[in-house]
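> What follows is work.pdb, made up of PDB, C-alpha atoms, pLDDT in the B column:
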ATOM      1  CA  MET A   1       0.000   0.000   0.000  1.00 73.00           C
ATOM      2  CA  ASP A   2       1.179   3.462  -0.863  1.00 83.00           C
ATOM      3  CA  PRO A   3       2.537   5.418   2.145  1.00 85.00           C
ATOM      4  CA  LYS A   4       0.580   8.487   1.018  1.00 85.00           C
ATOM      5  CA  VAL A   5      -2.677   6.517   1.237  1.00 86.00           C
ATOM      6  CA  ILE A   6      -1.770   5.213   4.694  1.00 88.00           C
ATOM      7  CA  THR A   7      -0.912   8.753   5.818  1.00 90.00           C
ATOM      8  CA  ALA A   8      -4.208  10.049   4.410  1.00 89.00           C
ATOM      9  CA  ILE A   9      -6.174   7.264   6.156  1.00 90.00           C
ATOM     10  CA  VAL A  10      -4.412   7.890   9.515  1.00 89.00           C
ATOM     11  CA  THR A  11      -4.894  11.631   9.145  1.00 92.00           C
ATOM     12  CA  GLY A  12      -8.576  11.113   8.305  1.00 91.00           C
ATOM     13  CA  ILE A  13      -9.090   8.788  11.267  1.00 93.00           C
ATOM     14  CA  ALA A  14      -7.276  11.219  13.586  1.00 93.00           C
ATOM     15  CA  THR A  15      -9.360  14.132  12.316  1.00 94.00           C
ATOM     16  CA  ILE A  16     -12.624  12.218  12.738  1.00 94.00           C
ATOM     17  CA  THR A  17     -11.585  11.039  16.217  1.00 94.00           C
ATOM     18  CA  ALA A  18     -10.669  14.587  17.263  1.00 93.00           C
ATOM     19  CA  ALA A  19     -13.969  15.913  15.872  1.00 93.00           C
ATOM     20  CA  VAL A  20     -15.950  13.225  17.729  1.00 93.00           C
ATOM     21  CA  PHE A  21     -14.028  13.963  20.931  1.00 94.00           C
ATOM     22  CA  VAL A  22     -14.640  17.727  20.626  1.00 93.00           C
ATOM     23  CA  ALA A  23     -18.321  17.132  19.824  1.00 94.00           C
ATOM     24  CA  ALA A  24     -18.686  14.809  22.825  1.00 93.00           C
ATOM     25  CA  LEU A  25     -16.993  17.377  25.059  1.00 93.00           C
ATOM     26  CA  GLN A  26     -19.269  20.160  23.773  1.00 94.00           C
ATOM     27  CA  PHE A  27     -22.295  17.922  24.278  1.00 94.00           C
ATOM     28  CA  ALA A  28     -21.233  17.193  27.875  1.00 93.00           C
ATOM     29  CA  VAL A  29     -20.753  20.896  28.612  1.00 92.00           C
ATOM     30  CA  LYS A  30     -24.120  21.728  27.045  1.00 94.00           C
ATOM     31  CA  LEU A  31     -25.830  18.947  28.985  1.00 93.00           C
ATOM     32  CA  ARG A  32     -24.301  20.181  32.225  1.00 92.00           C
ATOM     33  CA  GLU A  33     -25.469  23.745  31.519  1.00 93.00           C
ATOM     34  CA  GLU A  34     -28.972  22.491  30.695  1.00 93.00           C
ATOM     35  CA  ARG A  35     -29.086  20.624  34.009  1.00 89.00           C
ATOM     36  CA  ARG A  36     -27.955  23.741  35.843  1.00 89.00           C
ATOM     37  CA  LEU A  37     -30.587  25.882  34.126  1.00 91.00           C
ATOM     38  CA  THR A  38     -33.258  23.278  34.864  1.00 89.00           C
ATOM     39  CA  HIS A  39     -32.237  23.253  38.518  1.00 82.00           C
ATOM     40  CA  VAL A  40     -32.363  27.069  38.671  1.00 85.00           C
ATOM     41  CA  ALA A  41     -35.815  27.040  37.056  1.00 89.00           C
ATOM     42  CA  LEU A  42     -37.032  24.469  39.580  1.00 82.00           C
ATOM     43  CA  VAL A  43     -35.702  26.533  42.471  1.00 77.00           C
ATOM     44  CA  GLU A  44     -37.433  29.639  41.114  1.00 87.00           C
ATOM     45  CA  ALA A  45     -40.690  27.728  40.643  1.00 85.00           C
ATOM     46  CA  ASP A  46     -40.436  26.307  44.174  1.00 79.00           C
ATOM     47  CA  ALA A  47     -39.830  29.800  45.536  1.00 81.00           C
ATOM     48  CA  ARG A  48     -42.933  31.134  43.748  1.00 86.00           C
ATOM     49  CA  VAL A  49     -45.042  28.225  45.012  1.00 84.00           C
ATOM     50  CA  ALA A  50     -43.701  28.692  48.548  1.00 81.00           C
ATOM     51  CA  ALA A  51     -44.460  32.440  48.452  1.00 83.00           C
ATOM     52  CA  ALA A  52     -48.013  31.748  47.309  1.00 85.00           C
ATOM     53  CA  PHE A  53     -48.274  29.055  49.985  1.00 83.00           C
ATOM     54  CA  VAL A  54     -47.201  31.459  52.740  1.00 82.00           C
ATOM     55  CA  ALA A  55     -49.672  34.099  51.523  1.00 83.00           C
ATOM     56  CA  LEU A  56     -52.453  31.512  51.510  1.00 83.00           C
ATOM     57  CA  MET A  57     -51.451  30.314  54.968  1.00 83.00           C
ATOM     58  CA  SER A  58     -51.757  33.889  56.253  1.00 81.00           C
ATOM     59  CA  ARG A  59     -55.230  34.132  54.767  1.00 79.00           C
ATOM     60  CA  ALA A  60     -56.197  30.748  56.200  1.00 80.00           C
ATOM     61  CA  HIS A  61     -55.149  31.963  59.635  1.00 74.00           C
ATOM     62  CA  ALA A  62     -57.167  35.223  59.273  1.00 73.00           C
ATOM     63  CA  ARG A  63     -54.251  37.569  58.704  1.00 73.00           C
ATOM     64  CA  GLY A  64     -55.157  40.186  56.159  1.00 70.00           C
ATOM     65  CA  ASP A  65     -53.007  42.845  54.528  1.00 68.00           C
ATOM     66  CA  SER A  66     -51.489  45.483  56.820  1.00 62.00           C
ATOM     67  CA  VAL A  67     -51.384  49.103  55.720  1.00 63.00           C
ATOM     68  CA  VAL A  68     -50.343  52.351  57.359  1.00 61.00           C
ATOM     69  CA  SER A  69     -53.299  54.729  57.589  1.00 61.00           C
ATOM     70  CA  GLU A  70     -53.244  57.721  55.265  1.00 61.00           C
ATOM     71  CA  GLY A  71     -51.803  60.879  56.730  1.00 59.00           C
ATOM     72  CA  ALA A  72     -50.276  59.100  59.739  1.00 58.00           C
ATOM     73  CA  LEU A  73     -46.703  59.708  58.587  1.00 60.00           C
ATOM     74  CA  GLU A  74     -47.211  63.374  57.734  1.00 64.00           C
ATOM     75  CA  PRO A  75     -46.261  64.651  61.234  1.00 60.00           C
ATOM     76  CA  LEU A  76     -42.961  62.734  61.000  1.00 58.00           C
ATOM     77  CA  LEU A  77     -42.111  64.276  57.639  1.00 62.00           C
ATOM     78  CA  GLN A  78     -42.570  67.826  58.880  1.00 66.00           C
ATOM     79  CA  GLU A  79     -39.717  69.938  60.176  1.00 68.00           C
ATOM     80  CA  GLY A  80     -39.278  70.839  63.827  1.00 67.00           C
ATOM     81  CA  ALA A  81     -37.222  70.213  66.943  1.00 70.00           C
ATOM     82  CA  LEU A  82     -39.205  67.161  68.071  1.00 65.00           C
ATOM     83  CA  VAL A  83     -38.963  65.465  64.688  1.00 69.00           C
ATOM     84  CA  ASP A  84     -35.227  66.222  64.451  1.00 75.00           C
ATOM     85  CA  VAL A  85     -34.615  64.694  67.900  1.00 74.00           C
ATOM     86  CA  LEU A  86     -36.725  61.670  66.988  1.00 72.00           C
ATOM     87  CA  ARG A  87     -34.801  61.141  63.743  1.00 74.00           C
ATOM     88  CA  THR A  88     -31.469  61.460  65.550  1.00 78.00           C
ATOM     89  CA  GLN A  89     -32.481  58.993  68.269  1.00 75.00           C
ATOM     90  CA  LEU A  90     -33.770  56.473  65.709  1.00 73.00           C
ATOM     91  CA  ALA A  91     -30.542  56.777  63.720  1.00 76.00           C
ATOM     92  CA  ASN A  92     -28.517  56.202  66.905  1.00 76.00           C
ATOM     93  CA  GLN A  93     -30.535  53.051  67.681  1.00 72.00           C
ATOM     94  CA  ILE A  94     -29.895  51.693  64.202  1.00 74.00           C
ATOM     95  CA  THR A  95     -26.175  52.410  64.105  1.00 76.00           C
ATOM     96  CA  GLY A  96     -25.201  52.112  67.778  1.00 74.00           C
ATOM     97  CA  PRO A  97     -26.070  50.028  70.849  1.00 76.00           C
ATOM     98  CA  THR A  98     -29.767  49.486  71.531  1.00 75.00           C
ATOM     99  CA  ASP A  99     -31.384  51.231  74.510  1.00 77.00           C
ATOM    100  CA  PRO A 100     -34.692  49.472  75.386  1.00 77.00           C
ATOM    101  CA  ASP A 101     -36.024  52.389  77.463  1.00 79.00           C
ATOM    102  CA  LEU A 102     -35.366  54.857  74.666  1.00 73.00           C
ATOM    103  CA  LEU A 103     -37.033  52.524  72.169  1.00 71.00           C
ATOM    104  CA  LYS A 104     -40.144  52.406  74.388  1.00 74.00           C
ATOM    105  CA  ARG A 105     -40.265  56.201  74.478  1.00 71.00           C
ATOM    106  CA  ILE A 106     -39.813  56.371  70.694  1.00 68.00           C
ATOM    107  CA  ASP A 107     -42.564  53.773  70.288  1.00 70.00           C
ATOM    108  CA  ALA A 108     -44.880  55.884  72.440  1.00 68.00           C
ATOM    109  CA  ALA A 109     -44.081  58.914  70.275  1.00 63.00           C
ATOM    110  CA  LEU A 110     -44.836  56.882  67.139  1.00 62.00           C
ATOM    111  CA  ASP A 111     -48.246  55.771  68.432  1.00 59.00           C
ATOM    112  CA  ILE A 112     -49.727  58.374  66.129  1.00 54.00           C
ATOM    113  CA  VAL A 113     -48.889  56.028  63.246  1.00 57.00           C
ATOM    114  CA  GLN A 114     -51.738  53.575  62.994  1.00 56.00           C
ATOM    115  CA  LEU A 115     -51.291  50.221  61.359  1.00 55.00           C
ATOM    116  CA  ARG A 116     -54.531  48.799  60.052  1.00 58.00           C
ATOM    117  CA  VAL A 117     -55.048  45.122  59.315  1.00 60.00           C
ATOM    118  CA  HIS A 118     -57.887  44.315  56.959  1.00 66.00           C
ATOM    119  CA  ALA A 119     -60.249  41.591  58.103  1.00 67.00           C
ATOM    120  CA  VAL A 120     -60.374  38.224  56.363  1.00 72.00           C
ATOM    121  CA  GLY A 121     -63.804  36.636  56.031  1.00 77.00           C
ATOM    122  CA  GLY A 122     -64.637  33.077  57.022  1.00 79.00           C
ATOM    123  CA  ALA A 123     -65.198  31.930  53.439  1.00 81.00           C
ATOM    124  CA  GLU A 124     -61.840  33.375  52.367  1.00 82.00           C
ATOM    125  CA  GLN A 125     -60.146  31.631  55.296  1.00 83.00           C
ATOM    126  CA  GLU A 126     -61.754  28.312  54.393  1.00 85.00           C
ATOM    127  CA  ALA A 127     -60.878  28.642  50.704  1.00 85.00           C
ATOM    128  CA  ALA A 128     -57.290  29.553  51.558  1.00 86.00           C
ATOM    129  CA  MET A 129     -57.023  26.544  53.898  1.00 87.00           C
ATOM    130  CA  GLN A 130     -58.307  24.211  51.186  1.00 87.00           C
ATOM    131  CA  ALA A 131     -55.773  25.679  48.745  1.00 88.00           C
ATOM    132  CA  VAL A 132     -53.016  25.140  51.332  1.00 89.00           C
ATOM    133  CA  VAL A 133     -54.042  21.482  51.657  1.00 90.00           C
ATOM    134  CA  ALA A 134     -54.128  21.081  47.865  1.00 89.00           C
ATOM    135  CA  LEU A 135     -50.642  22.582  47.514  1.00 88.00           C
ATOM    136  CA  GLY A 136     -49.397  20.322  50.312  1.00 88.00           C
ATOM    137  CA  LEU A 137     -50.755  17.283  48.496  1.00 89.00           C
ATOM    138  CA  GLN A 138     -49.285  18.376  45.164  1.00 87.00           C
ATOM    139  CA  HIS A 139     -45.806  19.413  46.336  1.00 84.00           C
ATOM    140  CA  PRO A 140     -43.929  17.041  48.668  1.00 83.00           C
ATOM    141  CA  PHE A 141     -41.777  19.832  50.064  1.00 80.00           C
ATOM    142  CA  LEU A 142     -44.927  21.603  51.348  1.00 86.00           C
ATOM    143  CA  THR A 143     -46.721  18.565  52.809  1.00 89.00           C
ATOM    144  CA  GLN A 144     -45.403  18.933  56.366  1.00 89.00           C
ATOM    145  CA  ALA A 145     -46.021  22.698  56.391  1.00 89.00           C
ATOM    146  CA  ALA A 146     -49.581  22.194  55.134  1.00 90.00           C
ATOM    147  CA  LEU A 147     -50.254  19.575  57.808  1.00 93.00           C
ATOM    148  CA  THR A 148     -48.882  21.837  60.546  1.00 91.00           C
ATOM    149  CA  GLY A 149     -50.942  24.785  59.288  1.00 90.00           C
ATOM    150  CA  LEU A 150     -54.088  22.669  59.019  1.00 91.00           C
ATOM    151  CA  GLN A 151     -53.736  21.334  62.555  1.00 92.00           C
ATOM    152  CA  GLY A 152     -52.928  24.792  63.951  1.00 90.00           C
ATOM    153  CA  ARG A 153     -55.879  26.402  62.216  1.00 88.00           C
ATOM    154  CA  ASN A 154     -58.249  23.639  63.382  1.00 89.00           C
ATOM    155  CA  ILE A 155     -57.386  24.420  67.012  1.00 89.00           C
ATOM    156  CA  TYR A 156     -58.863  27.917  66.982  1.00 82.00           C
ATOM    157  CA  ARG A 157     -61.370  27.568  64.146  1.00 85.00           C
ATOM    158  CA  PRO A 158     -62.505  24.148  62.918  1.00 88.00           C
ATOM    159  CA  VAL A 159     -61.813  23.301  59.282  1.00 87.00           C
ATOM    160  CA  SER A 160     -64.845  21.880  57.471  1.00 86.00           C
ATOM    161  CA  ASN A 161     -63.199  18.656  56.224  1.00 88.00           C
ATOM    162  CA  PHE A 162     -60.387  18.469  58.765  1.00 91.00           C
ATOM    163  CA  SER A 163     -60.303  14.676  59.161  1.00 92.00           C
ATOM    164  CA  ALA A 164     -60.231  14.002  55.413  1.00 93.00           C
ATOM    165  CA  ALA A 165     -57.616  16.701  54.750  1.00 92.00           C
ATOM    166  CA  GLU A 166     -55.413  15.565  57.643  1.00 93.00           C
ATOM    167  CA  GLY A 167     -55.707  11.940  56.516  1.00 94.00           C
ATOM    168  CA  ALA A 168     -54.801  12.849  52.945  1.00 94.00           C
ATOM    169  CA  LEU A 169     -51.733  14.845  54.025  1.00 93.00           C
ATOM    170  CA  LYS A 170     -50.557  12.055  56.324  1.00 93.00           C
ATOM    171  CA  ALA A 171     -51.090   9.532  53.524  1.00 93.00           C
ATOM    172  CA  ARG A 172     -49.002  11.725  51.227  1.00 92.00           C
ATOM    173  CA  GLN A 173     -46.219  11.822  53.812  1.00 89.00           C
ATOM    174  CA  ALA A 174     -46.343   8.035  54.210  1.00 88.00           C
ATOM    175  CA  TYR A 175     -46.292   7.560  50.424  1.00 89.00           C
ATOM    176  CA  ASP A 176     -43.304   9.881  50.028  1.00 84.00           C
ATOM    177  CA  ALA A 177     -41.467   8.100  52.852  1.00 81.00           C
ATOM    178  CA  LYS A 178     -41.917   4.684  51.169  1.00 83.00           C
ATOM    179  CA  ARG A 179     -41.126   5.871  47.668  1.00 76.00           C
ATOM    180  CA  LEU A 180     -37.793   4.671  46.383  1.00 72.00           C
ATOM    181  CA  ARG A 181     -35.757   7.789  45.733  1.00 64.00           C
ATOM    182  CA  LEU A 182     -32.068   8.393  45.619  1.00 65.00           C
ATOM    183  CA  ARG A 183     -30.742  10.105  48.692  1.00 64.00           C
ATOM    184  CA  ARG A 184     -29.488  13.400  47.398  1.00 65.00           C
ATOM    185  CA  PRO A 185     -28.291  16.413  49.388  1.00 64.00           C
ATOM    186  CA  ASP A 186     -30.612  18.722  47.430  1.00 62.00           C
ATOM    187  CA  ARG A 187     -33.693  17.041  48.941  1.00 62.00           C
ATOM    188  CA  ALA A 188     -35.026  18.009  52.361  1.00 63.00           C
ATOM    189  CA  SER A 189     -35.734  14.371  53.239  1.00 62.00           C
ATOM    190  CA  TYR A 190     -31.994  13.650  52.971  1.00 66.00           C
ATOM    191  CA  TRP A 191     -31.212  16.159  55.703  1.00 65.00           C
ATOM    192  CA  PHE A 192     -34.163  15.184  57.904  1.00 64.00           C
ATOM    193  CA  ARG A 193     -32.941  11.575  57.899  1.00 68.00           C
ATOM    194  CA  ARG A 194     -29.367  12.618  58.659  1.00 66.00           C
ATOM    195  CA  GLY A 195     -30.476  14.929  61.477  1.00 65.00           C
ATOM    196  CA  ALA A 196     -32.576  12.258  63.205  1.00 59.00           C
TER     197      ALA A 196
END
Before anything else, please render the file you have as structure tokens.


Amino acid sequence: MDPKVITAIVTGIATITAAVFVAALQFAVKLREERRLTHVALVEADARVAAAFVALMSRAHARGDSVVSEGALEPLLQEGALVDVLRTQLANQITGPTDPDLLKRIDAALDIVQLRVHAVGGAEQEAAMQAVVALGLQHPFLTQAALTGLQGRNIYRPVSNFSAAEGALKARQAYDAKRLRLRRPDRASYWFRRGA
């Protein structure tokens, strides 16, 4: 066989091998980046679900939105010796050591600012509690929080289907505990088992 042909074949094989190796490396890097982006998207989705869950839990426990009444802050925004002293004392409490007696006096001076909490109706509480239970059943990382919230809410105001909802959440916990899943540090169950 002609040495030029052998050289061409070896060069061709080396080129193809190098191209396959580079392609495999690029594929691995791309796959790793896709996994990272998927993980980030899951974390963001979990954060949104958890934020909605916390808002619903507040509603279920009769905690409405808090707002400062209109015009309450106007006296603090005006100029004058009292306001200047109050601003100075507040700044000192933020930047320096805390004086509990001074904070009580400042709090008494700020009593003019009224914080209003809007009432939450019974139907809204019940609907929010049912949504909390549904989210707890749908998302394993919220199951324990939903069960705790359901039991806490039932103490001061009975939930209409408490027994069924509690049973369903406990069944979900039992199912998740039996499910064969890899123990991974990014799962809460991994750390609960290690901490026990």

> Can you list what the PyMOL selection byres ((chain A and resi 141) around 10) grabs from this structure, as a PDB file with C-alpha atoms, in the frame of the given file?


ATOM      1  CA  ASP A  46     -40.436  26.307  44.174  1.00 79.00           C
ATOM      2  CA  ALA A  50     -43.701  28.692  48.548  1.00 81.00           C
ATOM      3  CA  LEU A 135     -50.642  22.582  47.514  1.00 88.00           C
ATOM      4  CA  GLY A 136     -49.397  20.322  50.312  1.00 88.00           C
ATOM      5  CA  LEU A 137     -50.755  17.283  48.496  1.00 89.00           C
ATOM      6  CA  GLN A 138     -49.285  18.376  45.164  1.00 87.00           C
ATOM      7  CA  HIS A 139     -45.806  19.413  46.336  1.00 84.00           C
ATOM      8  CA  PRO A 140     -43.929  17.041  48.668  1.00 83.00           C
ATOM      9  CA  LEU A 142     -44.927  21.603  51.348  1.00 86.00           C
ATOM     10  CA  THR A 143     -46.721  18.565  52.809  1.00 89.00           C
ATOM     11  CA  GLN A 144     -45.403  18.933  56.366  1.00 89.00           C
ATOM     12  CA  ALA A 145     -46.021  22.698  56.391  1.00 89.00           C
ATOM     13  CA  ALA A 146     -49.581  22.194  55.134  1.00 90.00           C
ATOM     14  CA  GLN A 173     -46.219  11.822  53.812  1.00 89.00           C
ATOM     15  CA  ARG A 187     -33.693  17.041  48.941  1.00 62.00           C
ATOM     16  CA  ALA A 188     -35.026  18.009  52.361  1.00 63.00           C
ATOM     17  CA  SER A 189     -35.734  14.371  53.239  1.00 62.00           C
TER      18      SER A 189
END

> What is the distance, in Å and to one decimal place, between CA of Arg35 (chain A) and CA of Val22 (chain A)?

19.9 Å

> Quick one: residues within 10 Å of Phe53 (chain A), all atoms listed in the file counted, chain neighbours fewer than 2 positions away excluded, as a ChimeraX atom specification?

/A:47-51,55-59,128-129,131-133,135-136,142,145-146

> For the residues in the current selection, export C-alpha atoms as a PDB file, in the coordinates of the input.


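Contents of the output file result-v5.pdb:
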ATOM      1  CA  ALA A  47     -39.830  29.800  45.536  1.00 81.00           C
ATOM      2  CA  ARG A  48     -42.933  31.134  43.748  1.00 86.00           C
ATOM      3  CA  VAL A  49     -45.042  28.225  45.012  1.00 84.00           C
ATOM      4  CA  ALA A  50     -43.701  28.692  48.548  1.00 81.00           C
ATOM      5  CA  ALA A  51     -44.460  32.440  48.452  1.00 83.00           C
ATOM      6  CA  ALA A  55     -49.672  34.099  51.523  1.00 83.00           C
ATOM      7  CA  LEU A  56     -52.453  31.512  51.510  1.00 83.00           C
ATOM      8  CA  MET A  57     -51.451  30.314  54.968  1.00 83.00           C
ATOM      9  CA  SER A  58     -51.757  33.889  56.253  1.00 81.00           C
ATOM     10  CA  ARG A  59     -55.230  34.132  54.767  1.00 79.00           C
ATOM     11  CA  ALA A 128     -57.290  29.553  51.558  1.00 86.00           C
ATOM     12  CA  MET A 129     -57.023  26.544  53.898  1.00 87.00           C
ATOM     13  CA  ALA A 131     -55.773  25.679  48.745  1.00 88.00           C
ATOM     14  CA  VAL A 132     -53.016  25.140  51.332  1.00 89.00           C
ATOM     15  CA  VAL A 133     -54.042  21.482  51.657  1.00 90.00           C
ATOM     16  CA  LEU A 135     -50.642  22.582  47.514  1.00 88.00           C
ATOM     17  CA  GLY A 136     -49.397  20.322  50.312  1.00 88.00           C
ATOM     18  CA  LEU A 142     -44.927  21.603  51.348  1.00 86.00           C
ATOM     19  CA  ALA A 145     -46.021  22.698  56.391  1.00 89.00           C
ATOM     20  CA  ALA A 146     -49.581  22.194  55.134  1.00 90.00           C
TER      21      ALA A 146
END

> One decimal, Å: what's the distance from CA of Ala60 (chain A) over to CA of Glu124 (chain A), could you say?

7.3 Å

> Find the distance between CA of Pro100 (chain A) and CA of Val85 (chain A) and write it in Å to one decimal.

17.0 Å

> If you apply the PyMOL selection byres ((chain A and resi 160-163) around 9) to this file, what residues do you get, as a PyMOL selection string?

chain A and resi 126+130+150-151+154+158-159+164-168
